[in-house]
>>> print(open('data39.txt').read())   # compact mmCIF, C-alpha atoms
# COMPACT_ATOMS: atom_id res chain seq x y z
CA MET A 25 0.00 0.00 0.00
CA TRP A 26 2.68 2.49 1.01
CA GLU A 27 5.36 3.85 -1.30
CA PRO A 28 9.04 3.40 -0.36
CA ASP A 29 10.19 6.30 1.79
CA GLY A 30 13.75 5.43 2.75
CA TRP A 31 13.01 4.84 6.41
CA ASP A 32 13.42 1.07 6.24
CA ALA A 33 17.10 1.05 5.20
CA LYS A 34 18.93 -1.69 7.05
CA TRP A 35 22.32 -0.03 6.89
CA ARG A 36 23.04 3.70 7.05
CA ILE A 37 26.51 4.89 6.09
CA GLY A 38 27.74 8.38 6.83
CA ALA A 39 30.17 9.97 4.39
CA LEU A 40 32.68 12.75 5.04
CA VAL A 41 33.05 14.72 1.80
CA PRO A 42 34.62 18.03 0.68
CA HIS A 43 32.13 20.85 1.05
CA GLY A 44 31.84 21.63 -2.67
CA ASP A 45 31.99 18.08 -4.01
CA VAL A 46 28.91 15.95 -4.75
CA GLY A 47 30.85 13.19 -6.50
CA PRO A 48 31.54 10.81 -3.61
CA GLU A 49 27.97 10.60 -2.32
CA SER A 50 26.61 10.44 -5.89
CA GLU A 51 28.70 7.38 -6.71
CA LEU A 52 28.21 5.76 -3.30
CA GLN A 53 24.43 6.03 -3.53
CA ALA A 54 24.39 4.89 -7.17
CA MET A 55 26.18 1.67 -6.22
CA ALA A 56 24.45 1.06 -2.90
CA PRO A 57 21.81 -1.69 -2.80
CA PRO A 58 18.29 -0.76 -1.62
CA GLU A 59 19.03 -1.72 1.98
CA VAL A 60 21.92 0.77 2.22
CA CYS A 61 21.44 4.54 2.49
CA ILE A 62 24.19 7.17 2.27
CA HIS A 63 24.18 10.26 4.51
CA ALA A 64 26.88 12.81 3.68
CA THR A 65 28.21 15.70 5.67
CA ARG A 66 30.37 18.53 4.36
CA VAL A 67 33.95 19.18 5.46
CA PRO A 68 35.76 22.39 4.45
CA PHE A 69 38.31 21.87 1.70
CA GLY A 70 40.53 24.79 0.77
CA ALA A 71 41.02 23.81 -2.89
CA ILE A 72 37.36 23.90 -3.94
CA ARG A 73 35.03 26.86 -4.23
CA ALA A 74 31.27 27.34 -4.17
CA GLY A 75 29.60 25.36 -6.93
CA GLY A 76 32.44 22.83 -7.05
CA GLU A 77 34.88 25.03 -8.95
CA MET A 78 38.55 24.04 -8.64
CA ASP A 79 41.83 25.15 -10.13
CA PRO A 80 43.21 22.93 -12.95
CA THR A 81 45.50 21.28 -10.38
CA ILE A 82 44.99 21.12 -6.63
CA PRO A 83 47.77 22.23 -4.26
CA LEU A 84 49.08 19.86 -1.61
CA ALA A 85 48.58 22.07 1.44
CA PRO A 86 44.74 21.93 1.50
CA VAL A 87 44.88 18.24 0.61
CA ARG A 88 46.92 17.60 3.75
CA ALA A 89 44.77 19.96 5.82
CA PHE A 90 41.60 18.06 4.94
CA ALA A 91 42.81 15.10 7.02
CA GLU A 92 43.90 17.24 9.98
CA PRO A 93 41.95 18.63 12.95
CA PRO A 94 39.67 20.36 13.62
CA HIS A 95 37.17 20.31 10.74
CA VAL A 96 37.05 16.63 9.81
CA ASP A 97 37.15 15.62 13.49
CA ASP A 98 34.21 17.87 14.35
CA ALA A 99 32.30 16.66 11.29
CA THR A 100 32.90 13.05 12.34
CA GLU A 101 31.48 13.69 15.79
CA LEU A 102 28.39 15.42 14.40
CA LEU A 103 27.83 12.71 11.80
CA ALA A 104 28.20 9.97 14.41
CA ALA A 105 25.38 11.54 16.42
CA ALA A 106 22.96 10.44 13.68
CA PRO A 107 21.57 6.87 13.72
CA ILE A 108 24.16 5.49 11.32
CA HIS A 109 26.28 2.34 11.37
CA ALA A 110 29.64 3.40 9.92
CA ILE A 111 31.49 6.40 8.49
CA ALA A 112 33.21 6.56 5.10
CA PHE A 113 36.05 9.06 4.65
CA GLY A 114 35.37 10.22 1.09
CA PHE A 115 38.76 11.66 0.16
CA THR A 116 41.69 9.91 -1.51
CA SER A 117 44.53 12.36 -1.96
CA SER A 118 45.20 13.08 1.71
CA ALA A 119 46.45 9.48 2.05
CA TYR A 120 48.83 10.13 -0.85
CA VAL A 121 50.31 13.09 1.04
CA ILE A 122 50.44 11.67 4.58
CA GLY A 123 51.22 8.08 3.59
CA GLY A 124 49.85 4.81 4.89
CA ASP A 125 51.00 5.35 8.49
CA GLY A 126 49.54 8.84 8.53
CA GLU A 127 46.28 7.52 7.11
CA GLU A 128 46.05 4.89 9.86
CA ALA A 129 46.80 7.51 12.51
CA MET A 130 44.06 9.73 11.07
CA LEU A 131 41.57 6.85 11.17
CA GLN A 132 42.46 6.06 14.77
CA ARG A 133 41.98 9.72 15.68
CA LEU A 134 38.60 9.94 13.97
CA ARG A 135 37.46 6.73 15.65
CA THR A 136 37.88 8.48 18.99
CA ARG A 137 35.20 10.94 17.83
CA SER A 138 32.84 8.48 16.13
CA ARG A 139 31.07 7.03 19.18
CA GLY A 140 32.63 3.63 18.46
CA LEU A 141 31.46 3.47 14.85
CA PRO A 142 33.86 2.08 12.21
CA VAL A 143 35.61 4.75 10.13
CA VAL A 144 36.82 3.52 6.74
CA ALA A 145 39.14 5.22 4.21
CA PRO A 146 39.35 4.62 0.44
CA CYS A 147 43.07 3.99 -0.05
CA ALA A 148 43.24 1.55 2.86
CA SER A 149 40.21 -0.22 1.40
CA ILE A 150 41.86 -0.40 -2.03
CA VAL A 151 44.95 -1.97 -0.46
CA GLU A 152 42.77 -4.53 1.33
CA ALA A 153 40.88 -5.30 -1.89
CA LEU A 154 44.03 -5.76 -3.97
CA ARG A 155 45.53 -8.09 -1.39
CA LEU A 156 42.33 -10.08 -1.08
CA LEU A 157 42.09 -10.56 -4.84
CA GLY A 158 45.78 -11.27 -5.31
CA ALA A 159 46.65 -8.35 -7.60
CA GLU A 160 50.27 -7.19 -7.23
CA ARG A 161 50.99 -5.26 -10.45
CA VAL A 162 48.82 -2.15 -10.61
CA ALA A 163 48.31 0.70 -13.07
CA LEU A 164 47.32 3.91 -11.28
CA PHE A 165 45.05 6.43 -13.00
CA ASP A 166 44.45 9.69 -11.15
CA PRO A 167 42.09 12.53 -12.11
CA PRO A 168 43.46 15.31 -14.30
CA TRP A 169 43.48 17.79 -11.39
CA PHE A 170 46.15 15.68 -9.64
CA ASP A 171 49.48 17.14 -10.77
CA ALA A 172 52.63 15.09 -11.38
CA GLU A 173 53.76 15.46 -7.76
CA LEU A 174 50.47 14.25 -6.29
CA ASN A 175 50.31 11.40 -8.80
CA ALA A 176 53.84 10.38 -7.82
CA LEU A 177 52.85 10.43 -4.15
CA GLY A 178 49.98 8.09 -5.02
CA ALA A 179 52.35 5.67 -6.69
CA ALA A 180 54.63 5.87 -3.65
CA TYR A 181 51.69 5.09 -1.35
CA TYR A 182 50.92 1.83 -3.18
CA ARG A 183 54.59 0.88 -3.50
CA ALA A 184 55.01 1.35 0.25
CA ALA A 185 52.04 -1.01 0.70
CA GLY A 186 53.94 -3.67 -1.24
CA PHE A 187 52.54 -3.33 -4.76
CA ASN A 188 54.39 -3.08 -8.05
CA VAL A 189 53.11 0.12 -9.67
CA VAL A 190 53.78 -0.60 -13.33
CA SER A 191 52.43 2.76 -14.49
CA SER A 192 51.13 5.93 -12.87
CA VAL A 193 49.46 8.80 -14.70
CA SER A 194 47.00 11.64 -14.27
CA CYS A 195 44.41 11.20 -16.99
CA ALA A 196 44.72 13.55 -19.96
CA LEU A 197 41.10 14.66 -19.79
CA PRO A 198 39.42 18.02 -19.06
CA SER A 199 40.46 19.18 -15.58
CA GLU A 200 36.92 19.82 -14.38
CA GLN A 201 34.74 17.36 -12.50
CA SER A 202 31.59 18.01 -14.48
CA ALA A 203 33.46 17.64 -17.79
CA ILE A 204 34.50 14.00 -17.21
CA GLU A 205 32.63 11.72 -19.59
CA PRO A 206 32.66 7.93 -19.05
CA SER A 207 33.28 7.23 -22.73
CA ALA A 208 36.40 9.42 -22.82
CA LEU A 209 37.72 7.94 -19.59
CA PHE A 210 37.12 4.41 -20.84
CA GLU A 211 39.06 5.07 -24.05
CA PHE A 212 41.94 6.77 -22.26
CA VAL A 213 42.42 3.91 -19.80
CA ARG A 214 41.95 1.26 -22.50
CA ARG A 215 44.76 2.80 -24.55
CA GLN A 216 47.12 3.54 -21.65
CA VAL A 217 47.00 0.49 -19.39
CA PRO A 218 50.15 -1.66 -19.70
CA THR A 219 49.76 -5.29 -20.68
CA LYS A 220 51.68 -6.41 -17.58
CA ALA A 221 49.19 -4.82 -15.18
CA GLU A 222 46.96 -7.10 -13.08
CA ALA A 223 44.69 -4.32 -11.83
CA VAL A 224 43.62 -0.80 -12.72
CA VAL A 225 43.43 1.47 -9.68
CA PHE A 226 41.77 4.86 -9.83
CA GLY A 227 42.44 7.80 -7.53
CA GLY A 228 40.10 10.61 -6.53
CA ASN A 229 36.72 10.23 -4.84
CA GLY A 230 35.50 13.19 -6.89
CA PHE A 231 36.55 11.51 -10.15
CA ARG A 232 33.60 10.15 -12.17
CA VAL A 233 34.67 6.54 -12.67
CA VAL A 234 32.32 3.91 -11.21
CA GLY A 235 30.26 3.72 -14.41
CA VAL A 236 33.26 2.43 -16.36
CA ILE A 237 34.46 -0.20 -13.87
CA ALA A 238 32.50 -3.16 -15.23
CA PRO A 239 33.03 -2.24 -18.92
CA LEU A 240 36.77 -1.91 -18.32
CA GLU A 241 36.92 -5.25 -16.52
CA ARG A 242 35.20 -6.91 -19.49
CA GLU A 243 37.38 -5.13 -22.05
CA LEU A 244 40.74 -5.54 -20.31
CA GLU A 245 40.09 -8.76 -18.39
CA LEU A 246 41.67 -7.07 -15.36
CA LEU A 247 40.50 -6.17 -11.88
CA VAL A 248 39.39 -2.52 -11.70
CA VAL A 249 39.17 -0.75 -8.34
CA SER A 250 38.06 2.81 -7.64
CA PRO A 251 38.04 4.87 -4.42
CA ASN A 252 34.27 5.08 -3.98
CA GLN A 253 33.76 1.45 -5.00
CA ALA A 254 36.37 0.23 -2.51
CA LEU A 255 35.07 2.64 0.13
CA LEU A 256 31.52 1.28 -0.13
CA TRP A 257 32.83 -2.30 -0.15
CA GLY A 258 35.04 -1.67 2.87
CA THR A 259 32.34 0.12 4.83
CA MET A 260 29.77 -2.59 4.16
CA GLN A 261 32.34 -5.19 5.20
CA ALA A 262 32.96 -3.25 8.41
CA VAL A 263 29.31 -3.46 9.46
CA GLY A 264 28.77 -7.04 8.29
CA ALA A 265 26.55 -6.18 5.32
CA ARG A 266 26.60 -8.49 2.30
CA THR A 267 28.11 -6.97 -0.83
CA ASP A 268 27.39 -9.68 -3.38
CA SER A 269 23.99 -8.19 -4.25
CA ILE A 270 25.92 -5.39 -6.03
CA THR A 271 26.46 -6.88 -9.48
CA ARG A 272 27.05 -3.91 -11.81
CA TYR A 273 30.16 -2.21 -10.44
CA GLY A 274 33.00 -4.68 -10.68
CA ARG A 275 33.95 -8.03 -9.32
CA LEU A 276 35.19 -6.63 -6.03
CA PHE A 277 31.66 -6.75 -4.62
CA ALA A 278 31.50 -10.50 -5.19
CA SER A 279 34.50 -10.95 -2.87
CA PRO A 280 33.85 -12.33 0.61
>>> encode(input="data39.txt", output="structure tokens")
Amino acid sequence: MWEPDGWDAKWRIGALVPHGDVGPESELQAMAPPEVCIHATRVPFGAIRAGGEMDPTIPLAPVRAFAEPPHVDDATELLAAAPIHAIAFGFTSSAYVIGGDGEEAMLQRLRTRSRGLPVVAPCASIVEALRLLGAERVALFDPPWFDAELNALGAAYYRAAGFNVVSSVSCALPSEQSAIEPSALFEFVRRQVPTKAEAVVFGGNGFRVVGVIAPLERELELLVVSPNQALLWGTMQAVGARTDSITRYGRLFASP
């Protein structure tokens, strides 16, 4: 008799996202099964302006600051006051800058403000996914607004985690979030991925990529992992939710 109204979601995931960026929550909700609902909160990010406008490349200082107190800590505490089950940190590049140890320290700090809720980060989830699926040789594709230095830091992050980064590039596409088209991204990755790669790894939670994951896996016969995909997978794992009902966004979700 009654129409669906969203109140009967079994799992509610909070997301910490840059204040001018709608990409992370858009992709998370697009992938989420009906029993999962995404609730985002905004965190100030110094490299993005009202309406989502950014410079062609983002500087490192605000990227680092996004992961530091007080803003993200206060946002975590406020978000955790809602009736949610876990918190997803919707930002990739800070892990590139602070490294794996810094990322773990950040997560531990945020967990002290989350009322005991799990707090999950995208790069750590990508590392877990790659290890679980046995992929060692990875090709890293970052968004065009990641400059050569930030892209190199991303490659260093995955090398420090024990992976062989066989290639690392910022995609030669328009450096504007709203200008990214799945068809252009698909063609760029298809042409650029080395034959020796075992997995394609994307960077950037604000990078429009989840729509090309399954097509790329079919075309390349490789594992494809993106920040928001791995973040949703990792967060659902953290609360004990099944992920195998998600069938359209890559084979990661079929993993136990």
>>> atom_distance(input="data39.txt", atom1="atom CA of Gln53 of chain A", atom2="atom CA of Asp79 of chain A")
26.7 Å
>>> residues_around(input="data39.txt", residues="Leu131 of chain A", least_positions_apart="4", cutoff="9 Å", atoms="all atoms listed in the file", output="list in words")
Phe113, Gly126, Glu127, Arg135, Thr136, Val143, Val144 and Ala145 of chain A
>>> closest_residue(input="data39.txt", among="A:Ala185, A:Leu174, A:Ala265, A:Leu246", to="Thr81 of chain A", atoms="all atoms listed in the file")
A:Leu174
>>> residues_around(input="data39.txt", residues="Cys61 of chain A", least_positions_apart="3", cutoff="10 Å", atoms="all atoms listed in the file", output="PyMOL selection string")
chain A and resi 30-38+52-53+56-58+64+108
>>> residues_around(input="data39.txt", residues="segment 150-161 of chain A", least_positions_apart="2", cutoff="9 Å", atoms="all atoms listed in the file", output="JSON list (two decimals) with C-alpha atoms, in the frame of the given file")
[["chain", "number", "residue", "atom", "x", "y", "z"],
["A", 145, "ALA", "CA", 39.14, 5.22, 4.21],
["A", 146, "PRO", "CA", 39.35, 4.62, 0.44],
["A", 147, "CYS", "CA", 43.07, 3.99, -0.05],
["A", 148, "ALA", "CA", 43.24, 1.55, 2.86],
["A", 163, "ALA", "CA", 48.31, 0.70, -13.07],
["A", 182, "TYR", "CA", 50.92, 1.83, -3.18],
["A", 185, "ALA", "CA", 52.04, -1.01, 0.70],
["A", 186, "GLY", "CA", 53.94, -3.67, -1.24],
["A", 187, "PHE", "CA", 52.54, -3.33, -4.76],
["A", 188, "ASN", "CA", 54.39, -3.08, -8.05],
["A", 189, "VAL", "CA", 53.11, 0.12, -9.67],
["A", 190, "VAL", "CA", 53.78, -0.60, -13.33],
["A", 220, "LYS", "CA", 51.68, -6.41, -17.58],
["A", 221, "ALA", "CA", 49.19, -4.82, -15.18],
["A", 222, "GLU", "CA", 46.96, -7.10, -13.08],
["A", 223, "ALA", "CA", 44.69, -4.32, -11.83],
["A", 224, "VAL", "CA", 43.62, -0.80, -12.72],
["A", 225, "VAL", "CA", 43.43, 1.47, -9.68],
["A", 247, "LEU", "CA", 40.50, -6.17, -11.88],
["A", 249, "VAL", "CA", 39.17, -0.75, -8.34],
["A", 250, "SER", "CA", 38.06, 2.81, -7.64],
["A", 251, "PRO", "CA", 38.04, 4.87, -4.42],
["A", 253, "GLN", "CA", 33.76, 1.45, -5.00],
["A", 254, "ALA", "CA", 36.37, 0.23, -2.51],
["A", 255, "LEU", "CA", 35.07, 2.64, 0.13],
["A", 257, "TRP", "CA", 32.83, -2.30, -0.15],
["A", 258, "GLY", "CA", 35.04, -1.67, 2.87],
["A", 276, "LEU", "CA", 35.19, -6.63, -6.03],
["A", 279, "SER", "CA", 34.50, -10.95, -2.87],
["A", 280, "PRO", "CA", 33.85, -12.33, 0.61]]
>>> atom_distance(input="data39.txt", atom1="atom CA of Val67 of chain A", atom2="atom CA of Phe115 of chain A")
10.4 Å
>>> atom_distance(input="data39.txt", atom1="atom CA of Pro218 of chain A", atom2="atom CA of Gln201 of chain A")
25.5 Å
>>> closest_residue(input="data39.txt", among="A:Leu134, A:Val234, A:Leu84, A:Val193", to="Asp98 of chain A", atoms="all atoms listed in the file")
A:Leu134
>>> closest_residue(input="data39.txt", among="A:Leu102, A:Leu164, A:Ala172, A:Ile270", to="Pro83 of chain A", atoms="only C-alpha atoms")
A:Ala172
>>> closest_residue(input="data39.txt", among="A:Phe165, A:Val46, A:Gln261, A:Leu177", to="Arg214 of chain A", atoms="all atoms listed in the file")
A:Phe165
>>> closest_residue(input="data39.txt", among="A:Val96, A:Cys195, A:Ala74, A:Ala262", to="Phe170 of chain A", atoms="all atoms listed in the file")
A:Cys195
